[in-house]
Protein chains: 2
Amino acid sequence: MVVRRPVEPATPVTRDLLVAFKALADETRLRIFTLLTRQELCVCEIEEALGLPQSLVSNHLAVLRQAGLVRARRDETVARWVFYRADPEAVATLRQKWATLLEVKPAPGDRRRAEDVCRLRRP
Amino acid sequence: MVVRRPVEPATPVTRDLLVAFKALADETRLRIFTLLTRQELCVCEIEEALGLPQSLVSNHLAVLRQAGLVRARRDETVARWVFYRADPEAVATLRQKWATLLEVKPAPGDRRRAEDVCRLRRP
DNA sequence: TCATCATATCAGCCTTCACTGATATGATAC
DNA sequence: GTATCATATCAGTGAAGGCTGATATGATGA
């Protein structure tokens, strides 16, 4: 019987990256996200482009939205159309956090990671 | 009944990123990988640092290894020790492909993505 | 009002996958 | 040789998640 330490909430840097990785770790979502970095599209356009059923696309968009990777916007004139696009700020933040993770020194406030390293130093 | 287009193998850029995202879309593996970007460690050190059972750590290392994110090396003097480290080349490649994905124009050879965009242009 | 369009949500099915415990392999020490 | 250490692998279990089909919501148009 192995005693596991209680799972603490992940550190800020790790948590955000983890959310993004989970959201992009699916081929369909990665394709949708890639499309949305190029241009703003409504749901039906994505369906047509990828040849996927509506409910599936809508589900995947919800996942990407909850991960903060894309933003939804209702069309001003035709309110039933919802347009999605990749969130440029989220993308920039993600890129920075990815760089931070790969840095040599643990990022400030990244306690979980610091603890992991610290535990190695104890003989 | 919705007729789905046959799933073609993903494009080079997308495929590599997808493999990496899948490998890093797990909190335990992300912690292990983060540790290995800091220093080279053997399996038992990772176990101790994270407080996880041996088989679990070994399993996660196998996933990271198969994804090309880490490299294993047997110690020259004590051959039962296997040291792992993050693969710097893989990390660099990953960073570049991530940047490529976020570019406006589809990368050369990224046919799947080009097809997705093209299909949108057909009225 | 009624029908239709665009999107969201939900239940069920099925696959994938993280975790555990046990066993296998292979090197080192006695 | 036998015992132990370090690691890898495998079967079983339970949970998470992708996909589908149906339904719900809400806007638009006749």
# chains A, B, ... in the order shown; residues from 1 in each chain; ligands from 1
call {"tool": "closest_atom_pairs", "arguments": {"of": "stretch 35-82 of chain B", "to": "stretch 4-26 of chain D", "cutoff": "10 Å", "atoms": "only C-alpha atoms (C1' of nucleotides)", "output": "JSON lines"}}
result
{"residue": "B:Cys42", "atom": "CA", "partner": "D:DA6", "partner_atom": "C1'", "distance": 9.4}
{"residue": "B:Val43", "atom": "CA", "partner": "D:DT7", "partner_atom": "C1'", "distance": 7.7}
{"residue": "B:Cys44", "atom": "CA", "partner": "D:DA6", "partner_atom": "C1'", "distance": 7.6}
{"residue": "B:Gln54", "atom": "CA", "partner": "D:DT7", "partner_atom": "C1'", "distance": 8.4}
{"residue": "B:Ser55", "atom": "CA", "partner": "D:DA8", "partner_atom": "C1'", "distance": 8.1}
{"residue": "B:Ser58", "atom": "CA", "partner": "D:DA8", "partner_atom": "C1'", "distance": 7.1}
{"residue": "B:Asn59", "atom": "CA", "partner": "D:DA8", "partner_atom": "C1'", "distance": 8.4}
{"residue": "B:Ala62", "atom": "CA", "partner": "D:DA8", "partner_atom": "C1'", "distance": 9.2}
{"residue": "B:Val78", "atom": "CA", "partner": "D:DA6", "partner_atom": "C1'", "distance": 10.0}
{"residue": "B:Ala79", "atom": "CA", "partner": "D:DA6", "partner_atom": "C1'", "distance": 9.1}
{"residue": "B:Arg80", "atom": "CA", "partner": "D:DA6", "partner_atom": "C1'", "distance": 5.3}
{"residue": "B:Trp81", "atom": "CA", "partner": "D:DA6", "partner_atom": "C1'", "distance": 6.0}
{"residue": "B:Val82", "atom": "CA", "partner": "D:DT7", "partner_atom": "C1'", "distance": 7.6}
call {"tool": "write_last_selection", "arguments": {"atoms": "N, CA and C atoms", "output": "PDB file, in the first residue's frame"}}
result
ATOM      1  N   CYS B  42      17.209   9.809 -12.257  1.00  0.00           N
ATOM      2  CA  CYS B  42      16.863   8.408 -12.456  1.00  0.00           C
ATOM      3  C   CYS B  42      15.455   8.174 -11.923  1.00  0.00           C
ATOM      4  N   VAL B  43      14.884   7.029 -12.258  1.00  0.00           N
ATOM      5  CA  VAL B  43      13.480   6.752 -11.960  1.00  0.00           C
ATOM      6  C   VAL B  43      13.207   6.851 -10.461  1.00  0.00           C
ATOM      7  N   CYS B  44      14.116   6.299  -9.655  1.00  0.00           N
ATOM      8  CA  CYS B  44      13.851   6.274  -8.215  1.00  0.00           C
ATOM      9  C   CYS B  44      13.859   7.683  -7.627  1.00  0.00           C
ATOM     10  N   GLN B  54       6.516   3.122  -8.105  1.00  0.00           N
ATOM     11  CA  GLN B  54       7.491   2.902  -9.169  1.00  0.00           C
ATOM     12  C   GLN B  54       6.854   2.583 -10.520  1.00  0.00           C
ATOM     13  N   SER B  55       5.874   1.698 -10.500  1.00  0.00           N
ATOM     14  CA  SER B  55       5.290   1.277 -11.779  1.00  0.00           C
ATOM     15  C   SER B  55       4.601   2.451 -12.476  1.00  0.00           C
ATOM     16  N   SER B  58       7.293   4.696 -13.981  1.00  0.00           N
ATOM     17  CA  SER B  58       7.864   4.019 -15.140  1.00  0.00           C
ATOM     18  C   SER B  58       6.912   4.063 -16.330  1.00  0.00           C
ATOM     19  N   ASN B  59       5.635   3.873 -16.045  1.00  0.00           N
ATOM     20  CA  ASN B  59       4.642   3.950 -17.111  1.00  0.00           C
ATOM     21  C   ASN B  59       4.613   5.335 -17.756  1.00  0.00           C
ATOM     22  N   ALA B  62       7.518   5.981 -19.908  1.00  0.00           N
ATOM     23  CA  ALA B  62       7.407   5.300 -21.196  1.00  0.00           C
ATOM     24  C   ALA B  62       6.577   6.125 -22.171  1.00  0.00           C
ATOM     25  N   VAL B  78      26.977   2.232 -12.859  1.00  0.00           N
ATOM     26  CA  VAL B  78      25.940   1.398 -12.235  1.00  0.00           C
ATOM     27  C   VAL B  78      24.805   1.200 -13.242  1.00  0.00           C
ATOM     28  N   ALA B  79      24.856   0.081 -13.915  1.00  0.00           N
ATOM     29  CA  ALA B  79      24.019  -0.107 -15.105  1.00  0.00           C
ATOM     30  C   ALA B  79      22.549  -0.286 -14.785  1.00  0.00           C
ATOM     31  N   ARG B  80      22.218  -0.485 -13.511  1.00  0.00           N
ATOM     32  CA  ARG B  80      20.770  -0.654 -13.230  1.00  0.00           C
ATOM     33  C   ARG B  80      20.071   0.683 -13.126  1.00  0.00           C
ATOM     34  N   TRP B  81      20.838   1.758 -13.033  1.00  0.00           N
ATOM     35  CA  TRP B  81      20.224   3.080 -12.989  1.00  0.00           C
ATOM     36  C   TRP B  81      19.975   3.592 -14.396  1.00  0.00           C
ATOM     37  N   VAL B  82      18.751   4.032 -14.633  1.00  0.00           N
ATOM     38  CA  VAL B  82      18.406   4.631 -15.926  1.00  0.00           C
ATOM     39  C   VAL B  82      18.075   6.099 -15.690  1.00  0.00           C
TER      40      VAL B  82
END
call {"tool": "select_by_dssp", "arguments": {"residues": "chain A", "states": "strand (DSSP E or B)", "output": "PyMOL selection string"}}
result
chain A and resi 41-42+70-74+82-86
call {"tool": "closest_atom_pairs", "arguments": {"of": "stretch 5-121 of chain B", "to": "stretch 12-23 of chain C", "cutoff": "10 Å", "atoms": "only C-alpha atoms (C1' of nucleotides)", "output": "Markdown table"}}
result
| residue | atom | partner | partner_atom | distance |
| --- | --- | --- | --- | --- |
| B:Asp26 | CA | C:DA18 | C1' | 9.1 |
| B:Thr28 | CA | C:DA18 | C1' | 9.8 |
| B:Pro53 | CA | C:DT20 | C1' | 9.1 |
| B:Ser55 | CA | C:DT20 | C1' | 8.8 |
| B:Leu56 | CA | C:DC19 | C1' | 7.2 |
| B:Asn59 | CA | C:DA18 | C1' | 9.7 |
| B:His60 | CA | C:DA18 | C1' | 9.4 |
call {"tool": "residues_around", "arguments": {"residues": "B:Glu115", "least_positions_apart": "5", "cutoff": "9 Å", "atoms": "only C-alpha atoms (C1' of nucleotides)", "output": "PyMOL selection string"}}
result
(chain A and resi 49) or (chain B and resi 110+120)
call {"tool": "write_last_selection", "arguments": {"atoms": "all heavy atoms", "output": "PDB file, in the first residue's frame"}}
result
ATOM      1  N   ALA A  49     -16.487  22.755 -43.104  1.00  0.00           N
ATOM      2  CA  ALA A  49     -15.064  22.641 -43.413  1.00  0.00           C
ATOM      3  C   ALA A  49     -14.513  21.292 -42.989  1.00  0.00           C
ATOM      4  O   ALA A  49     -13.673  20.705 -43.668  1.00  0.00           O
ATOM      5  CB  ALA A  49     -14.283  23.769 -42.727  1.00  0.00           C
TER       6      ALA A  49
ATOM      7  N   ASP B 110       1.349  21.301 -44.985  1.00  0.00           N
ATOM      8  CA  ASP B 110       0.263  21.063 -44.044  1.00  0.00           C
ATOM      9  C   ASP B 110      -1.030  20.927 -44.838  1.00  0.00           C
ATOM     10  O   ASP B 110      -1.894  21.790 -44.803  1.00  0.00           O
ATOM     11  CB  ASP B 110       0.186  22.213 -43.038  1.00  0.00           C
ATOM     12  CG  ASP B 110      -0.621  21.826 -41.820  1.00  0.00           C
ATOM     13  OD1 ASP B 110      -1.360  20.832 -41.898  1.00  0.00           O
ATOM     14  OD2 ASP B 110      -0.522  22.514 -40.800  1.00  0.00           O
ATOM     15  N   LEU B 120     -13.751  25.864 -47.148  1.00  0.00           N
ATOM     16  CA  LEU B 120     -14.572  27.002 -46.750  1.00  0.00           C
ATOM     17  C   LEU B 120     -14.823  27.946 -47.916  1.00  0.00           C
ATOM     18  O   LEU B 120     -15.818  28.652 -47.952  1.00  0.00           O
ATOM     19  CB  LEU B 120     -13.881  27.774 -45.625  1.00  0.00           C
ATOM     20  CG  LEU B 120     -13.956  27.133 -44.255  1.00  0.00           C
ATOM     21  CD1 LEU B 120     -13.058  27.869 -43.295  1.00  0.00           C
ATOM     22  CD2 LEU B 120     -15.382  27.143 -43.766  1.00  0.00           C
TER      23      LEU B 120
END
call {"tool": "residues_around", "arguments": {"residues": "C:DA3", "least_positions_apart": "2", "cutoff": "10 Å", "atoms": "only C-alpha atoms (C1' of nucleotides)", "output": "list of chain:residue names"}}
result
C:DT1, C:DC5, D:DG29, D:DA30
call {"tool": "write_last_selection", "arguments": {"atoms": "N, CA and C atoms (P, O5', C5', C4', C3', O3' and C1' of nucleotides)", "output": "PDB file, in the first residue's frame"}}
result
ATOM      1  P    DT C   1     -48.984  32.604 -30.730  1.00  0.00           P
ATOM      2  O5'  DT C   1     -49.833  32.899 -32.056  1.00  0.00           O
ATOM      3  C5'  DT C   1     -50.984  32.102 -32.422  1.00  0.00           C
ATOM      4  C4'  DT C   1     -50.689  31.371 -33.706  1.00  0.00           C
ATOM      5  C3'  DT C   1     -49.855  30.099 -33.498  1.00  0.00           C
ATOM      6  O3'  DT C   1     -50.405  29.050 -34.297  1.00  0.00           O
ATOM      7  C1'  DT C   1     -48.782  31.527 -35.066  1.00  0.00           C
ATOM      8  P    DC C   5     -34.438  25.256 -42.903  1.00  0.00           P
ATOM      9  O5'  DC C   5     -33.305  26.178 -42.252  1.00  0.00           O
ATOM     10  C5'  DC C   5     -33.358  27.603 -42.409  1.00  0.00           C
ATOM     11  C4'  DC C   5     -32.638  28.268 -41.261  1.00  0.00           C
ATOM     12  C3'  DC C   5     -31.264  27.680 -40.958  1.00  0.00           C
ATOM     13  O3'  DC C   5     -30.292  28.706 -40.974  1.00  0.00           O
ATOM     14  C1'  DC C   5     -32.557  27.874 -38.975  1.00  0.00           C
TER      15       DC C   5
ATOM     16  P    DG D  29     -34.901  37.405 -41.179  1.00  0.00           P
ATOM     17  O5'  DG D  29     -35.900  36.567 -42.072  1.00  0.00           O
ATOM     18  C5'  DG D  29     -35.842  35.144 -42.054  1.00  0.00           C
ATOM     19  C4'  DG D  29     -37.111  34.542 -42.647  1.00  0.00           C
ATOM     20  C3'  DG D  29     -38.010  35.527 -43.392  1.00  0.00           C
ATOM     21  O3'  DG D  29     -38.604  34.863 -44.492  1.00  0.00           O
ATOM     22  C1'  DG D  29     -39.220  34.602 -41.606  1.00  0.00           C
ATOM     23  P    DA D  30     -39.407  35.671 -45.621  1.00  0.00           P
ATOM     24  O5'  DA D  30     -40.784  34.881 -45.701  1.00  0.00           O
ATOM     25  C5'  DA D  30     -40.758  33.455 -45.785  1.00  0.00           C
ATOM     26  C4'  DA D  30     -42.143  32.885 -45.454  1.00  0.00           C
ATOM     27  C3'  DA D  30     -43.295  33.619 -46.136  1.00  0.00           C
ATOM     28  O3'  DA D  30     -44.197  32.683 -46.703  1.00  0.00           O
ATOM     29  C1'  DA D  30     -43.637  33.570 -43.784  1.00  0.00           C
TER      30       DA D  30
END
call {"tool": "residues_around", "arguments": {"residues": "A:Asp16", "least_positions_apart": "4", "cutoff": "12 Å", "atoms": "only C-alpha atoms (C1' of nucleotides)", "output": "tab-separated table (two decimals) with all heavy atoms, in the first residue's frame"}}
result
chain	number	residue	atom	x	y	z
A	9	PRO	N	-3.90	21.50	-5.37
A	9	PRO	CA	-4.19	22.15	-6.66
A	9	PRO	C	-2.89	22.51	-7.35
A	9	PRO	O	-1.93	22.93	-6.72
A	9	PRO	CB	-4.97	23.40	-6.25
A	9	PRO	CG	-4.72	23.59	-4.80
A	9	PRO	CD	-4.44	22.23	-4.25
A	10	ALA	N	-2.87	22.32	-8.66
A	10	ALA	CA	-1.65	22.57	-9.43
A	10	ALA	C	-1.25	24.04	-9.32
A	10	ALA	O	-2.06	24.91	-9.01
A	10	ALA	CB	-1.87	22.20	-10.89
A	11	THR	N	-0.01	24.29	-9.57
A	11	THR	CA	0.49	25.67	-9.52
A	11	THR	C	-0.04	26.45	-10.70
A	11	THR	O	-0.46	25.87	-11.70
A	11	THR	CB	2.01	25.66	-9.56
A	11	THR	OG1	2.41	25.19	-10.84
A	11	THR	CG2	2.58	24.76	-8.49
A	12	PRO	N	-0.04	27.79	-10.60
A	12	PRO	CA	-0.62	28.62	-11.67
A	12	PRO	C	-0.05	28.30	-13.05
A	12	PRO	O	-0.81	28.05	-13.98
A	12	PRO	CB	-0.23	30.04	-11.24
A	12	PRO	CG	-0.10	29.97	-9.76
A	12	PRO	CD	0.43	28.60	-9.47
A	20	ALA	N	-4.76	23.89	-21.17
A	20	ALA	CA	-4.58	24.07	-22.61
A	20	ALA	C	-4.19	22.77	-23.29
A	20	ALA	O	-4.73	22.42	-24.35
A	20	ALA	CB	-3.51	25.14	-22.88
A	21	PHE	N	-3.28	22.03	-22.68
A	21	PHE	CA	-2.84	20.77	-23.27
A	21	PHE	C	-4.00	19.79	-23.37
A	21	PHE	O	-4.17	19.11	-24.38
A	21	PHE	CB	-1.70	20.17	-22.45
A	21	PHE	CG	-0.38	20.89	-22.61
A	21	PHE	CD1	0.56	20.87	-21.59
A	21	PHE	CD2	-0.10	21.59	-23.77
A	21	PHE	CE1	1.77	21.54	-21.74
A	21	PHE	CE2	1.11	22.26	-23.92
A	21	PHE	CZ	2.04	22.24	-22.90
A	22	LYS	N	-4.80	19.72	-22.32
A	22	LYS	CA	-5.94	18.82	-22.34
A	22	LYS	C	-6.89	19.19	-23.47
A	22	LYS	O	-7.44	18.34	-24.17
A	22	LYS	CB	-6.69	18.85	-21.00
A	22	LYS	CG	-6.05	18.02	-19.89
A	22	LYS	CD	-6.86	18.16	-18.61
A	22	LYS	CE	-6.17	17.51	-17.43
A	22	LYS	NZ	-6.35	16.05	-17.43
A	23	ALA	N	-7.10	20.50	-23.65
A	23	ALA	CA	-8.03	20.96	-24.68
A	23	ALA	C	-7.50	20.67	-26.08
A	23	ALA	O	-8.27	20.38	-26.99
A	23	ALA	CB	-8.30	22.46	-24.52
A	66	GLN	N	-14.24	26.74	-22.70
A	66	GLN	CA	-14.03	26.62	-21.26
A	66	GLN	C	-12.54	26.61	-20.90
A	66	GLN	O	-12.17	26.96	-19.79
A	66	GLN	CB	-14.70	25.36	-20.73
A	66	GLN	CG	-16.21	25.53	-20.56
A	66	GLN	CD	-16.95	24.20	-20.59
A	66	GLN	OE1	-16.35	23.15	-20.38
A	66	GLN	NE2	-18.25	24.25	-20.88
A	67	ALA	N	-11.71	26.21	-21.87
A	67	ALA	CA	-10.27	26.25	-21.64
A	67	ALA	C	-9.71	27.64	-21.88
A	67	ALA	O	-8.52	27.88	-21.66
A	67	ALA	CB	-9.57	25.24	-22.54
A	68	GLY	N	-10.56	28.55	-22.34
A	68	GLY	CA	-10.13	29.92	-22.56
A	68	GLY	C	-9.34	30.13	-23.85
A	68	GLY	O	-8.72	31.17	-24.03
A	69	LEU	N	-9.39	29.15	-24.73
A	69	LEU	CA	-8.59	29.24	-25.96
A	69	LEU	C	-9.31	29.98	-27.08
A	69	LEU	O	-8.67	30.56	-27.94
A	69	LEU	CB	-8.20	27.84	-26.43
A	69	LEU	CG	-7.24	27.08	-25.53
A	69	LEU	CD1	-7.00	25.67	-26.04
A	69	LEU	CD2	-5.91	27.83	-25.45
A	90	ALA	N	-4.96	34.80	-24.99
A	90	ALA	CA	-4.75	33.48	-24.40
A	90	ALA	C	-3.57	32.78	-25.06
A	90	ALA	O	-2.76	32.15	-24.40
A	90	ALA	CB	-6.02	32.64	-24.54
A	91	VAL	N	-3.50	32.93	-26.38
A	91	VAL	CA	-2.40	32.30	-27.12
A	91	VAL	C	-1.07	32.88	-26.67
A	91	VAL	O	-0.10	32.15	-26.42
A	91	VAL	CB	-2.60	32.49	-28.63
A	91	VAL	CG1	-1.34	32.07	-29.38
A	91	VAL	CG2	-3.79	31.67	-29.11
A	93	THR	N	-0.36	34.39	-23.82
A	93	THR	CA	-0.10	33.95	-22.44
A	93	THR	C	0.41	32.53	-22.42
A	93	THR	O	1.34	32.21	-21.68
A	93	THR	CB	-1.40	34.05	-21.62
A	93	THR	OG1	-1.90	35.39	-21.69
A	93	THR	CG2	-1.15	33.66	-20.17
A	94	LEU	N	-0.22	31.70	-23.25
A	94	LEU	CA	0.17	30.29	-23.30
A	94	LEU	C	1.62	30.15	-23.74
A	94	LEU	O	2.39	29.37	-23.17
A	94	LEU	CB	-0.74	29.59	-24.31
A	94	LEU	CG	-1.13	28.17	-23.96
A	94	LEU	CD1	-1.99	28.16	-22.73
A	94	LEU	CD2	-1.85	27.53	-25.12
A	95	ARG	N	1.97	30.91	-24.76
A	95	ARG	CA	3.33	30.83	-25.27
A	95	ARG	C	4.34	31.23	-24.19
A	95	ARG	O	5.38	30.61	-24.03
A	95	ARG	CB	3.46	31.74	-26.49
A	95	ARG	CG	4.47	31.25	-27.49
A	95	ARG	CD	4.67	32.26	-28.59
A	95	ARG	NE	3.62	32.19	-29.61
A	95	ARG	CZ	3.77	32.68	-30.84
A	95	ARG	NH1	4.88	33.28	-31.18
A	95	ARG	NH2	2.79	32.59	-31.70
A	96	GLN	N	3.96	32.26	-23.44
A	96	GLN	CA	4.86	32.74	-22.39
A	96	GLN	C	4.99	31.71	-21.27
A	96	GLN	O	6.09	31.45	-20.77
A	96	GLN	CB	4.33	34.06	-21.83
A	96	GLN	CG	5.29	34.73	-20.85
A	96	GLN	CD	4.55	35.68	-19.93
A	96	GLN	OE1	3.52	36.24	-20.32
A	96	GLN	NE2	5.06	35.86	-18.72
A	97	LYS	N	3.88	31.10	-20.89
A	97	LYS	CA	3.94	30.13	-19.80
A	97	LYS	C	4.70	28.88	-20.21
A	97	LYS	O	5.37	28.25	-19.39
A	97	LYS	CB	2.52	29.75	-19.36
A	97	LYS	CG	1.75	30.95	-18.83
A	97	LYS	CD	0.70	30.59	-17.81
A	97	LYS	CE	0.16	31.86	-17.15
A	97	LYS	NZ	-0.78	31.63	-16.08
A	98	TRP	N	4.59	28.53	-21.47
A	98	TRP	CA	5.34	27.40	-21.99
A	98	TRP	C	6.84	27.70	-21.89
A	98	TRP	O	7.63	26.86	-21.48
A	98	TRP	CB	4.92	27.14	-23.43
A	98	TRP	CG	5.71	26.10	-24.16
A	98	TRP	CD1	6.46	26.26	-25.26
A	98	TRP	CD2	5.80	24.70	-23.84
A	98	TRP	NE1	7.02	25.08	-25.64
A	98	TRP	CE2	6.64	24.10	-24.79
A	98	TRP	CE3	5.26	23.92	-22.82
A	98	TRP	CZ2	6.96	22.75	-24.76
A	98	TRP	CZ3	5.58	22.56	-22.78
A	98	TRP	CH2	6.41	22.00	-23.76
A	100	THR	N	8.19	29.81	-19.80
A	100	THR	CA	8.51	29.85	-18.37
A	100	THR	C	8.75	28.45	-17.84
A	100	THR	O	9.70	28.21	-17.09
A	100	THR	CB	7.35	30.49	-17.60
A	100	THR	OG1	7.13	31.81	-18.09
A	100	THR	CG2	7.67	30.56	-16.11
A	101	LEU	N	7.91	27.52	-18.26
A	101	LEU	CA	8.05	26.15	-17.78
A	101	LEU	C	9.39	25.55	-18.17
A	101	LEU	O	9.99	24.78	-17.42
A	101	LEU	CB	6.93	25.28	-18.37
A	101	LEU	CG	6.88	23.86	-17.83
A	101	LEU	CD1	6.01	23.82	-16.59
A	101	LEU	CD2	6.36	22.90	-18.87
A	110	ASP	N	5.63	29.22	-8.40
A	110	ASP	CA	5.40	27.85	-8.82
A	110	ASP	C	5.81	26.91	-7.69
A	110	ASP	O	6.81	26.23	-7.74
A	110	ASP	CB	6.22	27.56	-10.08
A	110	ASP	CG	5.70	26.31	-10.80
A	110	ASP	OD1	4.98	25.54	-10.14
A	110	ASP	OD2	6.02	26.13	-11.96
B	25	ALA	N	-0.82	16.26	-21.49
B	25	ALA	CA	-2.16	16.57	-20.99
B	25	ALA	C	-2.52	15.71	-19.78
B	25	ALA	O	-3.64	15.24	-19.64
B	25	ALA	CB	-3.19	16.37	-22.12
B	27	GLU	N	-1.51	15.66	-15.48
B	27	GLU	CA	-0.80	16.44	-14.46
B	27	GLU	C	0.48	15.76	-14.00
B	27	GLU	O	1.53	16.39	-13.87
B	27	GLU	CB	-1.72	16.70	-13.26
B	27	GLU	CG	-1.04	17.56	-12.20
B	27	GLU	CD	-2.00	18.01	-11.12
B	27	GLU	OE1	-3.18	17.62	-11.18
B	27	GLU	OE2	-1.54	18.74	-10.22
B	30	LEU	N	3.09	16.01	-16.67
B	30	LEU	CA	3.59	17.38	-16.81
B	30	LEU	C	4.57	17.71	-15.69
B	30	LEU	O	5.59	18.37	-15.91
B	30	LEU	CB	2.40	18.37	-16.80
B	30	LEU	CG	2.73	19.82	-17.14
B	30	LEU	CD1	3.45	19.93	-18.48
B	30	LEU	CD2	1.47	20.67	-17.16
call {"tool": "select_by_dssp", "arguments": {"residues": "chain A", "states": "alpha helix (DSSP H)", "output": "number ranges by chain"}}
result
A: 12-24, 27-38, 43-50, 54-66, 88-102, 111-121
call {"tool": "write_last_selection", "arguments": {"atoms": "C-alpha atoms", "output": "short mmCIF file (atom, residue, chain, number, x, y, z; two decimals), in the first residue's frame"}}
result
data_model
loop_
_atom_site.label_atom_id
_atom_site.label_comp_id
_atom_site.auth_asym_id
_atom_site.auth_seq_id
_atom_site.Cartn_x
_atom_site.Cartn_y
_atom_site.Cartn_z
CA PRO A 12 -0.62 28.62 -11.67
CA VAL A 13 1.88 28.05 -14.47
CA THR A 14 1.32 24.32 -14.58
CA ARG A 15 -2.45 24.53 -14.20
CA ASP A 16 -3.00 26.85 -17.15
CA LEU A 17 -0.73 24.82 -19.40
CA LEU A 18 -2.43 21.64 -18.30
CA VAL A 19 -5.85 23.02 -19.20
CA ALA A 20 -4.58 24.07 -22.61
CA PHE A 21 -2.84 20.77 -23.27
CA LYS A 22 -5.94 18.82 -22.34
CA ALA A 23 -8.03 20.96 -24.68
CA LEU A 24 -5.61 20.56 -27.59
CA GLU A 27 -7.17 15.81 -33.21
CA THR A 28 -10.57 17.26 -33.96
CA ARG A 29 -10.17 20.09 -31.47
CA LEU A 30 -6.66 20.83 -32.70
CA ARG A 31 -7.98 21.13 -36.24
CA ILE A 32 -10.80 23.40 -35.13
CA PHE A 33 -8.45 25.54 -33.08
CA THR A 34 -6.01 25.79 -35.99
CA LEU A 35 -8.81 26.97 -38.25
CA LEU A 36 -9.83 29.59 -35.71
CA THR A 37 -6.33 31.01 -35.51
CA ARG A 38 -6.67 31.84 -39.19
CA VAL A 43 -20.29 26.93 -36.12
CA CYS A 44 -21.90 25.89 -39.38
CA GLU A 45 -18.83 26.92 -41.34
CA ILE A 46 -16.66 24.73 -39.14
CA GLU A 47 -19.07 21.84 -39.63
CA GLU A 48 -18.82 22.24 -43.37
CA ALA A 49 -15.06 22.64 -43.41
CA LEU A 50 -14.42 19.55 -41.32
CA GLN A 54 -23.22 19.89 -35.53
CA SER A 55 -23.43 18.54 -32.00
CA LEU A 56 -19.85 17.31 -32.14
CA VAL A 57 -18.49 20.65 -33.31
CA SER A 58 -20.54 22.47 -30.72
CA ASN A 59 -19.24 20.16 -28.00
CA HIS A 60 -15.64 20.66 -29.00
CA LEU A 61 -16.12 24.41 -29.17
CA ALA A 62 -17.48 24.33 -25.63
CA VAL A 63 -14.34 22.55 -24.47
CA LEU A 64 -12.08 25.04 -26.21
CA ARG A 65 -14.16 27.91 -24.83
CA GLN A 66 -14.03 26.62 -21.26
CA PRO A 88 -4.99 36.14 -29.17
CA GLU A 89 -4.29 37.05 -25.55
CA ALA A 90 -4.75 33.48 -24.40
CA VAL A 91 -2.40 32.30 -27.12
CA ALA A 92 0.23 34.85 -26.12
CA THR A 93 -0.10 33.95 -22.44
CA LEU A 94 0.17 30.29 -23.30
CA ARG A 95 3.33 30.83 -25.27
CA GLN A 96 4.86 32.74 -22.39
CA LYS A 97 3.94 30.13 -19.80
CA TRP A 98 5.34 27.40 -21.99
CA ALA A 99 8.62 29.34 -22.14
CA THR A 100 8.51 29.85 -18.37
CA LEU A 101 8.05 26.15 -17.78
CA LEU A 102 11.12 25.36 -19.85
CA ARG A 111 5.38 26.21 -5.43
CA ARG A 112 4.48 22.71 -6.49
CA ARG A 113 7.44 22.55 -8.81
CA ALA A 114 9.77 24.10 -6.23
CA GLU A 115 8.63 21.49 -3.72
CA ASP A 116 9.31 18.68 -6.16
CA VAL A 117 12.85 19.90 -6.73
CA CYS A 118 13.40 20.62 -3.04
CA ARG A 119 12.41 17.12 -2.07
CA LEU A 120 15.24 15.85 -4.22
CA ARG A 121 17.80 17.79 -2.23
#
call {"tool": "closest_residue", "arguments": {"among": "B:Leu41, B:Val70, B:Phe83, B:Thr77", "to": "chain C", "atoms": "only C-alpha atoms (C1' of nucleotides)"}}
result
B:Thr77
call {"tool": "atom_distance", "arguments": {"atom1": "atom CA of B:Glu76", "atom2": "atom CA of A:Glu103"}}
result
28.2 Å
